[in-house]
$ cat coords.pdb   # PDB, C-alpha atoms
ATOM      1  CA  MET A   1       0.567 -25.923 -29.035
ATOM      2  CA  SER A   2      -0.210 -24.732 -25.549
ATOM      3  CA  LYS A   3       0.538 -21.191 -24.559
ATOM      4  CA  ALA A   4       3.282 -22.259 -22.181
ATOM      5  CA  ASN A   5       5.101 -24.166 -24.927
ATOM      6  CA  LEU A   6       4.745 -21.280 -27.291
ATOM      7  CA  ASN A   7       6.388 -18.959 -24.797
ATOM      8  CA  LYS A   8       9.213 -21.375 -24.274
ATOM      9  CA  SER A   9      10.023 -21.890 -27.925
ATOM     10  CA  ASN A  10       9.840 -18.167 -28.593
ATOM     11  CA  LYS A  11      12.133 -17.179 -25.774
ATOM     12  CA  SER A  12      14.895 -15.860 -28.001
ATOM     13  CA  GLU A  13      12.388 -13.861 -29.998
ATOM     14  CA  ASP A  14      10.916 -12.417 -26.820
ATOM     15  CA  VAL A  15      14.207 -10.756 -26.057
ATOM     16  CA  ASN A  16      13.770  -8.651 -29.171
ATOM     17  CA  PRO A  17      13.339  -5.157 -27.638
ATOM     18  CA  SER A  18      11.334  -3.796 -30.558
ATOM     19  CA  GLU A  19       8.561  -6.187 -29.514
ATOM     20  CA  TRP A  20       8.531  -5.141 -25.861
ATOM     21  CA  VAL A  21       6.098  -2.255 -26.040
ATOM     22  CA  ASN A  22       3.456  -4.304 -27.837
ATOM     23  CA  LYS A  23       3.941  -7.424 -25.787
ATOM     24  CA  TYR A  24       4.471  -6.088 -22.273
ATOM     25  CA  GLY A  25       3.668  -2.371 -22.431
ATOM     26  CA  ASP A  26       0.112  -2.559 -21.127
ATOM     27  CA  PHE A  27       0.927  -5.081 -18.424
ATOM     28  CA  LEU A  28       3.781  -2.973 -17.060
ATOM     29  CA  TYR A  29       1.724   0.187 -17.340
ATOM     30  CA  ILE A  30      -1.129  -1.283 -15.268
ATOM     31  CA  TYR A  31       1.393  -2.663 -12.776
ATOM     32  CA  ALA A  32       2.911   0.787 -12.341
ATOM     33  CA  TYR A  33      -0.426   2.574 -12.243
ATOM     34  CA  SER A  34      -1.842   0.287  -9.579
ATOM     35  CA  ARG A  35       1.108   1.219  -7.370
ATOM     36  CA  VAL A  36       1.611   4.910  -7.997
ATOM     37  CA  GLN A  37      -1.881   5.980  -9.185
ATOM     38  CA  SER A  38      -0.658   8.449 -11.773
ATOM     39  CA  LYS A  39      -0.761   7.892 -15.522
ATOM     40  CA  GLU A  40       2.102  10.250 -16.359
ATOM     41  CA  LEU A  41       4.349   8.809 -13.715
ATOM     42  CA  SER A  42       3.457   5.271 -14.805
ATOM     43  CA  GLU A  43       4.481   6.044 -18.384
ATOM     44  CA  ASP A  44       7.803   7.439 -17.148
ATOM     45  CA  LEU A  45       8.441   4.401 -14.974
ATOM     46  CA  VAL A  46       7.666   2.026 -17.853
ATOM     47  CA  GLN A  47      10.029   3.943 -20.132
ATOM     48  CA  GLU A  48      12.800   3.882 -17.515
ATOM     49  CA  THR A  49      12.193   0.159 -17.121
ATOM     50  CA  PHE A  50      12.645  -0.509 -20.828
ATOM     51  CA  LEU A  51      15.796   1.611 -20.963
ATOM     52  CA  SER A  52      17.326  -0.083 -17.912
ATOM     53  CA  ALA A  53      16.407  -3.448 -19.396
ATOM     54  CA  LEU A  54      18.200  -2.560 -22.633
ATOM     55  CA  LYS A  55      21.305  -1.644 -20.695
ATOM     56  CA  GLY A  56      21.128  -4.864 -18.733
ATOM     57  CA  LEU A  57      20.128  -7.084 -21.629
ATOM     58  CA  HIS A  58      23.326  -9.126 -21.352
ATOM     59  CA  SER A  59      22.410 -10.007 -17.755
ATOM     60  CA  PHE A  60      19.092 -11.548 -18.761
ATOM     61  CA  ARG A  61      19.681 -15.258 -18.733
ATOM     62  CA  GLY A  62      16.282 -16.541 -19.597
ATOM     63  CA  ASP A  63      15.826 -18.193 -16.196
ATOM     64  CA  SER A  64      12.554 -16.304 -15.963
ATOM     65  CA  THR A  65      10.220 -15.023 -18.631
ATOM     66  CA  VAL A  66      10.901 -11.614 -20.113
ATOM     67  CA  GLN A  67       7.733 -10.330 -18.454
ATOM     68  CA  THR A  68       8.907 -11.437 -15.009
ATOM     69  CA  TRP A  69      12.312  -9.929 -15.637
ATOM     70  CA  LEU A  70      10.873  -6.592 -16.788
ATOM     71  CA  THR A  71       8.434  -6.576 -13.852
ATOM     72  CA  SER A  72      11.269  -7.027 -11.354
ATOM     73  CA  ILE A  73      13.052  -4.027 -12.884
ATOM     74  CA  LEU A  74       9.850  -1.985 -12.701
ATOM     75  CA  ARG A  75       9.248  -3.019  -9.086
ATOM     76  CA  ARG A  76      12.680  -1.664  -8.224
ATOM     77  CA  LYS A  77      11.757   1.620  -9.959
ATOM     78  CA  VAL A  78       8.570   1.861  -7.900
ATOM     79  CA  ILE A  79      10.519   1.293  -4.675
ATOM     80  CA  ASP A  80      13.062   3.943  -5.727
ATOM     81  CA  TYR A  81      10.233   6.351  -6.406
ATOM     82  CA  TYR A  82       8.846   5.888  -2.889
ATOM     83  CA  ARG A  83      12.299   6.037  -1.350
ATOM     84  CA  LYS A  84      12.923   9.403  -2.980
ATOM     85  CA  MET A  85       9.469  10.572  -1.950
ATOM     86  CA  SER A  86      10.125   9.697   1.673
ATOM     87  CA  THR A  87      13.386  11.613   1.873
ATOM     88  CA  LYS A  88      11.940  14.690   0.204
ATOM     89  CA  LYS A  89      11.444  17.439   2.706
ATOM     90  CA  GLU A  90       7.779  17.549   3.604
ATOM     91  CA  THR A  91       6.304  20.738   2.176
ATOM     92  CA  VAL A  92       3.164  20.467   4.253
ATOM     93  CA  ALA A  93       3.291  18.884   7.669
ATOM     94  CA  SER A  94       0.632  16.287   8.354
ATOM     95  CA  GLN A  95      -2.683  17.962   9.106
ATOM     96  CA  PHE A  96      -4.013  14.793  10.631
ATOM     97  CA  ALA A  97      -4.844  15.094  14.318
ATOM     98  CA  SER A  98      -5.146  11.935  16.367
ATOM     99  CA  PRO A  99      -8.740  10.681  16.716
ATOM    100  CA  PHE A 100      -7.988   9.756  20.332
ATOM    101  CA  GLN A 101      -8.489  11.845  23.454
ATOM    102  CA  ASN A 102      -5.535  13.146  25.375
ATOM    103  CA  GLU A 103      -7.147  14.078  28.688
ATOM    104  CA  ASP A 104      -5.862  12.113  31.640
ATOM    105  CA  ALA A 105      -8.868   9.992  32.518
ATOM    106  CA  ASN A 106      -9.826   8.987  28.980
ATOM    107  CA  GLU A 107      -6.410   9.110  27.431
ATOM    108  CA  GLY A 108      -6.160   7.068  24.271
ATOM    109  CA  HIS A 109      -9.891   6.512  23.873
ATOM    110  CA  TRP A 110     -11.806   7.532  20.755
ATOM    111  CA  ILE A 111     -13.014  11.103  20.575
ATOM    112  CA  LEU A 112     -16.770  10.569  20.418
ATOM    113  CA  GLU A 113     -17.375  12.459  17.154
ATOM    114  CA  ARG A 114     -14.607  10.526  15.437
ATOM    115  CA  THR A 115     -15.515   6.964  16.368
ATOM    116  CA  PRO A 116     -15.787   4.539  13.414
ATOM    117  CA  LYS A 117     -19.290   4.492  11.901
ATOM    118  CA  ASP A 118     -21.080   1.392  10.698
ATOM    119  CA  TRP A 119     -20.047   0.550   7.088
ATOM    120  CA  HIS A 120     -22.156  -2.564   6.617
ATOM    121  CA  SER A 121     -24.864  -1.134   4.400
ATOM    122  CA  GLU A 122     -22.085   0.156   2.098
ATOM    123  CA  THR A 123     -19.694  -2.794   2.032
ATOM    124  CA  GLU A 124     -22.539  -5.176   1.259
ATOM    125  CA  ASP A 125     -23.694  -3.177  -1.757
ATOM    126  CA  PRO A 126     -21.696  -4.342  -4.816
ATOM    127  CA  LEU A 127     -22.549  -1.143  -6.675
ATOM    128  CA  ARG A 128     -20.720   0.916  -4.119
ATOM    129  CA  GLN A 129     -17.506  -1.096  -4.320
ATOM    130  CA  ASP A 130     -16.297   0.500  -7.566
ATOM    131  CA  GLU A 131     -16.801   3.795  -5.865
ATOM    132  CA  PHE A 132     -14.787   2.545  -2.909
ATOM    133  CA  GLN A 133     -11.769   1.862  -5.130
ATOM    134  CA  LYS A 134     -11.821   5.419  -6.430
ATOM    135  CA  ILE A 135     -12.130   6.872  -2.941
ATOM    136  CA  LEU A 136      -9.328   4.604  -1.753
ATOM    137  CA  GLU A 137      -7.050   5.963  -4.503
ATOM    138  CA  LEU A 138      -7.991   9.514  -3.618
ATOM    139  CA  CYS A 139      -7.415   9.014   0.111
ATOM    140  CA  LEU A 140      -4.055   7.325  -0.525
ATOM    141  CA  SER A 141      -2.985  10.375  -2.501
ATOM    142  CA  LEU A 142      -3.876  12.585   0.477
ATOM    143  CA  LEU A 143      -1.496  10.831   2.877
ATOM    144  CA  PRO A 144       1.670  12.785   3.736
ATOM    145  CA  ASP A 145       4.569  11.691   1.473
ATOM    146  CA  LYS A 146       6.547   9.874   4.126
ATOM    147  CA  TRP A 147       3.514   8.012   5.473
ATOM    148  CA  LYS A 148       2.423   7.150   1.964
ATOM    149  CA  SER A 149       5.788   5.694   0.982
ATOM    150  CA  VAL A 150       6.076   3.572   4.113
ATOM    151  CA  PHE A 151       2.471   2.428   3.770
ATOM    152  CA  MET A 152       2.788   1.542   0.086
ATOM    153  CA  LEU A 153       6.031  -0.381   0.484
ATOM    154  CA  LYS A 154       4.827  -2.334   3.503
ATOM    155  CA  VAL A 155       1.186  -2.923   2.582
ATOM    156  CA  LEU A 156       1.196  -2.955  -1.210
ATOM    157  CA  GLU A 157       4.652  -4.292  -1.969
ATOM    158  CA  GLU A 158       4.488  -6.539   1.109
ATOM    159  CA  MET A 159       8.126  -5.849   1.894
ATOM    160  CA  GLN A 160       9.692  -6.976   5.163
ATOM    161  CA  SER A 161       9.869  -4.264   7.828
ATOM    162  CA  ASP A 162      13.671  -4.198   7.856
ATOM    163  CA  GLU A 163      13.742  -3.895   4.050
ATOM    164  CA  VAL A 164      11.370  -0.924   4.207
ATOM    165  CA  CYS A 165      13.457   0.686   6.940
ATOM    166  CA  LYS A 166      16.593   0.204   4.876
ATOM    167  CA  GLU A 167      14.981   2.062   1.962
ATOM    168  CA  ILE A 168      13.280   4.784   3.955
ATOM    169  CA  GLY A 169      15.660   5.107   6.870
ATOM    170  CA  CYS A 170      13.415   4.527   9.856
ATOM    171  CA  THR A 171      13.466   2.367  12.972
ATOM    172  CA  ALA A 172      11.205  -0.656  13.341
ATOM    173  CA  SER A 173       8.981   0.919  15.996
ATOM    174  CA  ASN A 174       8.842   4.161  14.038
ATOM    175  CA  LEU A 175       7.666   2.156  11.042
ATOM    176  CA  TRP A 176       4.692   0.695  12.914
ATOM    177  CA  VAL A 177       3.699   4.066  14.326
ATOM    178  CA  ILE A 178       3.703   5.516  10.802
ATOM    179  CA  ILE A 179       1.616   2.645   9.427
ATOM    180  CA  HIS A 180      -0.763   2.981  12.383
ATOM    181  CA  ARG A 181      -1.239   6.728  11.795
ATOM    182  CA  ALA A 182      -1.546   6.254   8.044
ATOM    183  CA  LYS A 183      -4.233   3.606   8.553
ATOM    184  CA  LEU A 184      -6.181   5.868  10.932
ATOM    185  CA  GLN A 185      -6.093   8.734   8.458
ATOM    186  CA  LEU A 186      -6.958   6.506   5.517
ATOM    187  CA  ARG A 187      -9.915   4.968   7.357
ATOM    188  CA  GLU A 188     -11.341   8.303   8.405
ATOM    189  CA  CYS A 189     -10.841   9.839   4.965
ATOM    190  CA  ILE A 190     -12.693   6.922   3.344
ATOM    191  CA  GLU A 191     -15.499   7.138   5.872
ATOM    192  CA  ILE A 192     -16.027  10.861   5.327
ATOM    193  CA  LYS A 193     -15.998  10.587   1.539
ATOM    194  CA  TRP A 194     -17.814   7.304   1.178
ATOM    195  CA  LEU A 195     -20.579   7.611   3.711
ATOM    196  CA  LYS A 196     -21.480  11.208   3.006
TER     197      LYS A 196
ATOM    198  CA  MET B   1     -10.293   5.629  47.046
ATOM    199  CA  SER B   2      -8.769   3.022  49.291
ATOM    200  CA  ASN B   3      -5.201   1.939  48.767
ATOM    201  CA  VAL B   4      -6.308  -1.482  47.650
ATOM    202  CA  ASN B   5      -8.530   0.109  45.002
ATOM    203  CA  LYS B   6      -5.713   2.323  43.836
ATOM    204  CA  ILE B   7      -3.424  -0.632  43.391
ATOM    205  CA  MET B   8      -6.200  -2.504  41.574
ATOM    206  CA  MET B   9      -6.747   0.453  39.230
ATOM    207  CA  LYS B  10      -3.053   0.656  38.493
ATOM    208  CA  GLY B  11      -2.997  -3.031  37.688
ATOM    209  CA  MET B  12      -6.074  -2.764  35.465
ATOM    210  CA  ASN B  13      -4.603   0.118  33.521
ATOM    211  CA  LYS B  14      -1.567  -1.987  32.824
ATOM    212  CA  ILE B  15      -3.695  -4.819  31.475
ATOM    213  CA  MET B  16      -6.382  -2.815  29.686
ATOM    214  CA  LEU B  17      -5.372  -1.269  26.402
ATOM    215  CA  SER B  18      -6.404   2.172  25.256
ATOM    216  CA  CYS B  19      -8.166   2.373  21.875
ATOM    217  CA  ASP B  20      -5.067   4.030  20.444
ATOM    218  CA  LYS B  21      -2.910   1.075  21.455
ATOM    219  CA  ALA B  22      -5.600  -1.454  20.476
ATOM    220  CA  THR B  23      -5.922  -0.091  16.923
ATOM    221  CA  TYR B  24      -2.131  -0.042  16.663
ATOM    222  CA  LEU B  25      -2.067  -3.734  17.549
ATOM    223  CA  ILE B  26      -4.936  -4.494  15.139
ATOM    224  CA  THR B  27      -2.924  -3.025  12.275
ATOM    225  CA  ARG B  28       0.274  -4.734  13.353
ATOM    226  CA  ASN B  29      -1.543  -8.040  13.761
ATOM    227  CA  GLU B  30      -2.397  -7.990  10.054
ATOM    228  CA  PHE B  31       1.296  -8.344   9.277
ATOM    229  CA  GLU B  32       2.838 -10.370  12.064
ATOM    230  CA  LYS B  33       1.798 -12.608  14.920
ATOM    231  CA  LEU B  34       1.519 -10.757  18.220
ATOM    232  CA  ASN B  35       2.917 -12.305  21.350
ATOM    233  CA  TYR B  36       0.589 -14.074  23.773
ATOM    234  CA  THR B  37       0.147 -11.180  26.224
ATOM    235  CA  LYS B  38      -0.668  -8.709  23.473
ATOM    236  CA  ARG B  39      -3.133 -11.106  21.839
ATOM    237  CA  MET B  40      -4.915 -11.548  25.190
ATOM    238  CA  GLN B  41      -4.949  -7.816  25.859
ATOM    239  CA  LEU B  42      -6.319  -7.153  22.411
ATOM    240  CA  SER B  43      -9.101  -9.720  22.579
ATOM    241  CA  MET B  44     -10.097  -8.421  26.030
ATOM    242  CA  HIS B  45     -10.249  -4.904  24.672
ATOM    243  CA  LEU B  46     -12.208  -5.938  21.586
ATOM    244  CA  ALA B  47     -14.730  -7.826  23.712
ATOM    245  CA  GLY B  48     -15.667  -4.585  25.389
ATOM    246  CA  CYS B  49     -15.134  -1.970  22.672
ATOM    247  CA  LYS B  50     -17.580  -1.724  19.783
ATOM    248  CA  TYR B  51     -15.604   0.992  18.009
ATOM    249  CA  CYS B  52     -12.356  -0.925  17.922
ATOM    250  CA  ARG B  53     -14.263  -3.980  16.661
ATOM    251  CA  ARG B  54     -15.529  -1.813  13.829
ATOM    252  CA  PHE B  55     -12.033  -0.516  13.232
ATOM    253  CA  ALA B  56     -10.708  -4.087  12.985
ATOM    254  CA  GLU B  57     -13.384  -5.042  10.458
ATOM    255  CA  GLN B  58     -12.842  -1.923   8.361
ATOM    256  CA  SER B  59      -9.084  -2.268   8.498
ATOM    257  CA  LYS B  60      -9.404  -5.768   7.072
ATOM    258  CA  TYR B  61     -11.741  -4.513   4.371
ATOM    259  CA  ILE B  62      -9.333  -1.717   3.409
ATOM    260  CA  THR B  63      -6.452  -4.196   3.121
ATOM    261  CA  GLU B  64      -8.558  -6.476   0.897
ATOM    262  CA  GLN B  65      -9.454  -3.553  -1.332
ATOM    263  CA  LEU B  66      -5.815  -2.449  -1.473
ATOM    264  CA  ASN B  67      -4.870  -5.894  -2.711
ATOM    265  CA  LYS B  68      -7.561  -5.606  -5.360
ATOM    266  CA  LEU B  69      -6.121  -2.258  -6.364
ATOM    267  CA  LYS B  70      -2.708  -3.715  -7.113
ATOM    268  CA  ASP B  71      -4.034  -6.827  -8.819
ATOM    269  CA  THR B  72      -3.042  -6.303 -12.444
ATOM    270  CA  ARG B  73      -5.852  -8.571 -13.585
ATOM    271  CA  ASN B  74      -8.320  -6.237 -11.922
ATOM    272  CA  LYS B  75     -10.827  -5.352 -14.610
ATOM    273  CA  GLU B  76     -11.884  -2.245 -12.759
ATOM    274  CA  ILE B  77      -8.591  -0.600 -13.625
ATOM    275  CA  SER B  78      -9.432  -0.267 -17.291
ATOM    276  CA  ILE B  79      -6.323   1.557 -18.348
ATOM    277  CA  CYS B  80      -3.881   0.807 -21.109
ATOM    278  CA  LEU B  81      -1.270   2.631 -23.130
ATOM    279  CA  THR B  82      -2.521   4.878 -25.917
ATOM    280  CA  GLU B  83      -1.043   4.578 -29.411
ATOM    281  CA  LYS B  84       0.802   7.830 -28.834
ATOM    282  CA  GLN B  85       2.325   6.544 -25.590
ATOM    283  CA  LYS B  86       3.354   3.341 -27.353
ATOM    284  CA  ASN B  87       5.007   5.323 -30.126
ATOM    285  CA  ASN B  88       6.883   7.420 -27.570
ATOM    286  CA  LEU B  89       8.122   4.306 -25.811
ATOM    287  CA  ASN B  90       9.180   2.669 -29.065
ATOM    288  CA  THR B  91      11.063   5.812 -30.084
ATOM    289  CA  ALA B  92      12.872   5.895 -26.739
ATOM    290  CA  ILE B  93      13.870   2.248 -27.138
ATOM    291  CA  GLU B  94      15.034   2.741 -30.742
ATOM    292  CA  ASN B  95      17.098   5.791 -29.792
ATOM    293  CA  GLN B  96      18.849   3.872 -27.098
ATOM    294  CA  ILE B  97      19.554   0.946 -29.430
ATOM    295  CA  ASP B  98      20.986   3.336 -32.030
ATOM    296  CA  ASN B  99      23.223   4.956 -29.450
ATOM    297  CA  ARG B 100      24.821   1.737 -28.394
TER     298      ARG B 100
END

$ encode --input "coords.pdb" --output "structure tokens"
Amino acid sequence: MSKANLNKSNKSEDVNPSEWVNKYGDFLYIYAYSRVQSKELSEDLVQETFLSALKGLHSFRGDSTVQTWLTSILRRKVIDYYRKMSTKKETVASQFASPFQNEDANEGHWILERTPKDWHSETEDPLRQDEFQKILELCLSLLPDKWKSVFMLKVLEEMQSDEVCKEIGCTASNLWVIIHRAKLQLRECIEIKWLK
Amino acid sequence: MSNVNKIMMKGMNKIMLSCDKATYLITRNEFEKLNYTKRMQLSMHLAGCKYCRRFAEQSKYITEQLNKLKDTRNKEISICLTEKQKNNLNTAIENQIDNR
């Protein structure tokens, strides 16, 4: 029997919650970790997901697989996490200064010492790509909370701008300015740590 | 500067983007189609600005790597639940079932 058929015929068994941890635990854990980059937090989110799913078990109609259903609950938890993060009062204001000049004549042009360097020798080396992923995680964690939440929801969750604004409470133009600044900081952080 | 030159300069400044604005548009362009004027302004700027061309390339690379990061099939994220974590989760589930 093919895997797809097996899943179909076992649907009622799949809804047995005592099987959830073994069947979907790792998948949900990786899903959470790839979005929040913290093992402890990921475990909490997975636990909350299972508990919410238990409460809402009657609403599961079997239109989707159990995994898809659980993932959609977890996704909502991730969004809630970033929403809360964005409304938290910033303990440290962003230390990131614009890499662009503000003198009249050259306003808005790169400050010479902060212009993007050439990454080619690094991006073409497959050995350095694993390292890139680690640096990317580190640099994401260094973004100010509000920037990070907007960036993660828009770029990672690929949410529509108005959806993100509804969660975070920002205007559309504000949203793009935040993503712009976050991208500038992320790029420079990666460059400093990767090319050193 | 003659008046004609001044007017020309003013006009040029309106057409030519600063690097700040150009990088903003590069990022925005990754998510949604820019209107015709902005696309033209951006390609004119990129034609003459090596640093913003680099930024555009790197920005694309970062986005690709971000997508890799969230790909749950990504083998590089070699993490899974420990037995202890699984036990904790199972206990939490059982407790909730018992309480119903």

$ interface_residues --input "coords.pdb" --of "chain B" --to "chain A" --cutoff "8 Å" --atoms "only C-alpha atoms" --output "PDB file with C-alpha atoms, in the coordinates of the input"
ATOM      1  CA  SER B  18      -6.404   2.172  25.256  1.00  0.00           C
ATOM      2  CA  CYS B  19      -8.166   2.373  21.875  1.00  0.00           C
ATOM      3  CA  ASP B  20      -5.067   4.030  20.444  1.00  0.00           C
ATOM      4  CA  LYS B  21      -2.910   1.075  21.455  1.00  0.00           C
ATOM      5  CA  THR B  23      -5.922  -0.091  16.923  1.00  0.00           C
ATOM      6  CA  TYR B  24      -2.131  -0.042  16.663  1.00  0.00           C
ATOM      7  CA  THR B  27      -2.924  -3.025  12.275  1.00  0.00           C
ATOM      8  CA  ARG B  28       0.274  -4.734  13.353  1.00  0.00           C
ATOM      9  CA  TYR B  51     -15.604   0.992  18.009  1.00  0.00           C
ATOM     10  CA  CYS B  52     -12.356  -0.925  17.922  1.00  0.00           C
ATOM     11  CA  ARG B  54     -15.529  -1.813  13.829  1.00  0.00           C
ATOM     12  CA  PHE B  55     -12.033  -0.516  13.232  1.00  0.00           C
ATOM     13  CA  GLN B  58     -12.842  -1.923   8.361  1.00  0.00           C
ATOM     14  CA  SER B  59      -9.084  -2.268   8.498  1.00  0.00           C
ATOM     15  CA  ILE B  62      -9.333  -1.717   3.409  1.00  0.00           C
ATOM     16  CA  THR B  63      -6.452  -4.196   3.121  1.00  0.00           C
ATOM     17  CA  GLN B  65      -9.454  -3.553  -1.332  1.00  0.00           C
ATOM     18  CA  LEU B  66      -5.815  -2.449  -1.473  1.00  0.00           C
ATOM     19  CA  ASN B  67      -4.870  -5.894  -2.711  1.00  0.00           C
ATOM     20  CA  LEU B  69      -6.121  -2.258  -6.364  1.00  0.00           C
ATOM     21  CA  LYS B  70      -2.708  -3.715  -7.113  1.00  0.00           C
ATOM     22  CA  ASP B  71      -4.034  -6.827  -8.819  1.00  0.00           C
ATOM     23  CA  THR B  72      -3.042  -6.303 -12.444  1.00  0.00           C
ATOM     24  CA  GLU B  76     -11.884  -2.245 -12.759  1.00  0.00           C
ATOM     25  CA  ILE B  77      -8.591  -0.600 -13.625  1.00  0.00           C
ATOM     26  CA  ILE B  79      -6.323   1.557 -18.348  1.00  0.00           C
ATOM     27  CA  CYS B  80      -3.881   0.807 -21.109  1.00  0.00           C
ATOM     28  CA  LEU B  81      -1.270   2.631 -23.130  1.00  0.00           C
ATOM     29  CA  GLN B  85       2.325   6.544 -25.590  1.00  0.00           C
ATOM     30  CA  LYS B  86       3.354   3.341 -27.353  1.00  0.00           C
ATOM     31  CA  LEU B  89       8.122   4.306 -25.811  1.00  0.00           C
ATOM     32  CA  ASN B  90       9.180   2.669 -29.065  1.00  0.00           C
ATOM     33  CA  ALA B  92      12.872   5.895 -26.739  1.00  0.00           C
ATOM     34  CA  ILE B  93      13.870   2.248 -27.138  1.00  0.00           C
ATOM     35  CA  GLU B  94      15.034   2.741 -30.742  1.00  0.00           C
ATOM     36  CA  GLN B  96      18.849   3.872 -27.098  1.00  0.00           C
ATOM     37  CA  ILE B  97      19.554   0.946 -29.430  1.00  0.00           C
TER      38      ILE B  97
END

$ atom_distance --input "coords.pdb" --atom1 "CA of Asp162 in chain A" --atom2 "CA of Ser38 in chain A"
27.4 Å

$ closest_residue --input "coords.pdb" --among "B:Lys60, B:Phe31, B:Asn88, B:Leu17" --to "His45 in chain B" --atoms "only C-alpha atoms"
B:Leu17

$ closest_residue --input "coords.pdb" --among "B:Ser43, B:Asn5, B:Thr91, B:Asn99" --to "Asn29 in chain B" --atoms "all atoms listed in the file"
B:Ser43

$ axis_aligned_box --input "coords.pdb" --around "range 52-64 of chain B" --padding-each-side "8 Å" --output "AutoDock Vina command-line options"
--center_x -11.0 --center_y -3.5 --center_z 9.4 --size_x 25.1 --size_y 22.0 --size_z 33.0

$ closest_residue --input "coords.pdb" --among "A:Lys23, A:Lys146, A:Lys166, A:His58" --to "Lys88 in chain A" --atoms "all atoms listed in the file"
A:Lys146

$ residues_near_point --input "coords.pdb" --point "(-5.7, -5.4, 20.7)" --cutoff "7 Å" --atoms "all atoms listed in the file" --output "ChimeraX atom specification"
/B:22-23,25-26,38-39,41-43,45-46

$ atom_distance --input "coords.pdb" --atom1 "CA of Cys139 in chain A" --atom2 "CA of Glu113 in chain A"
20.0 Å

$ atom_distance --input "coords.pdb" --atom1 "CA of Phe151 in chain A" --atom2 "CA of Ile168 in chain A"
11.1 Å
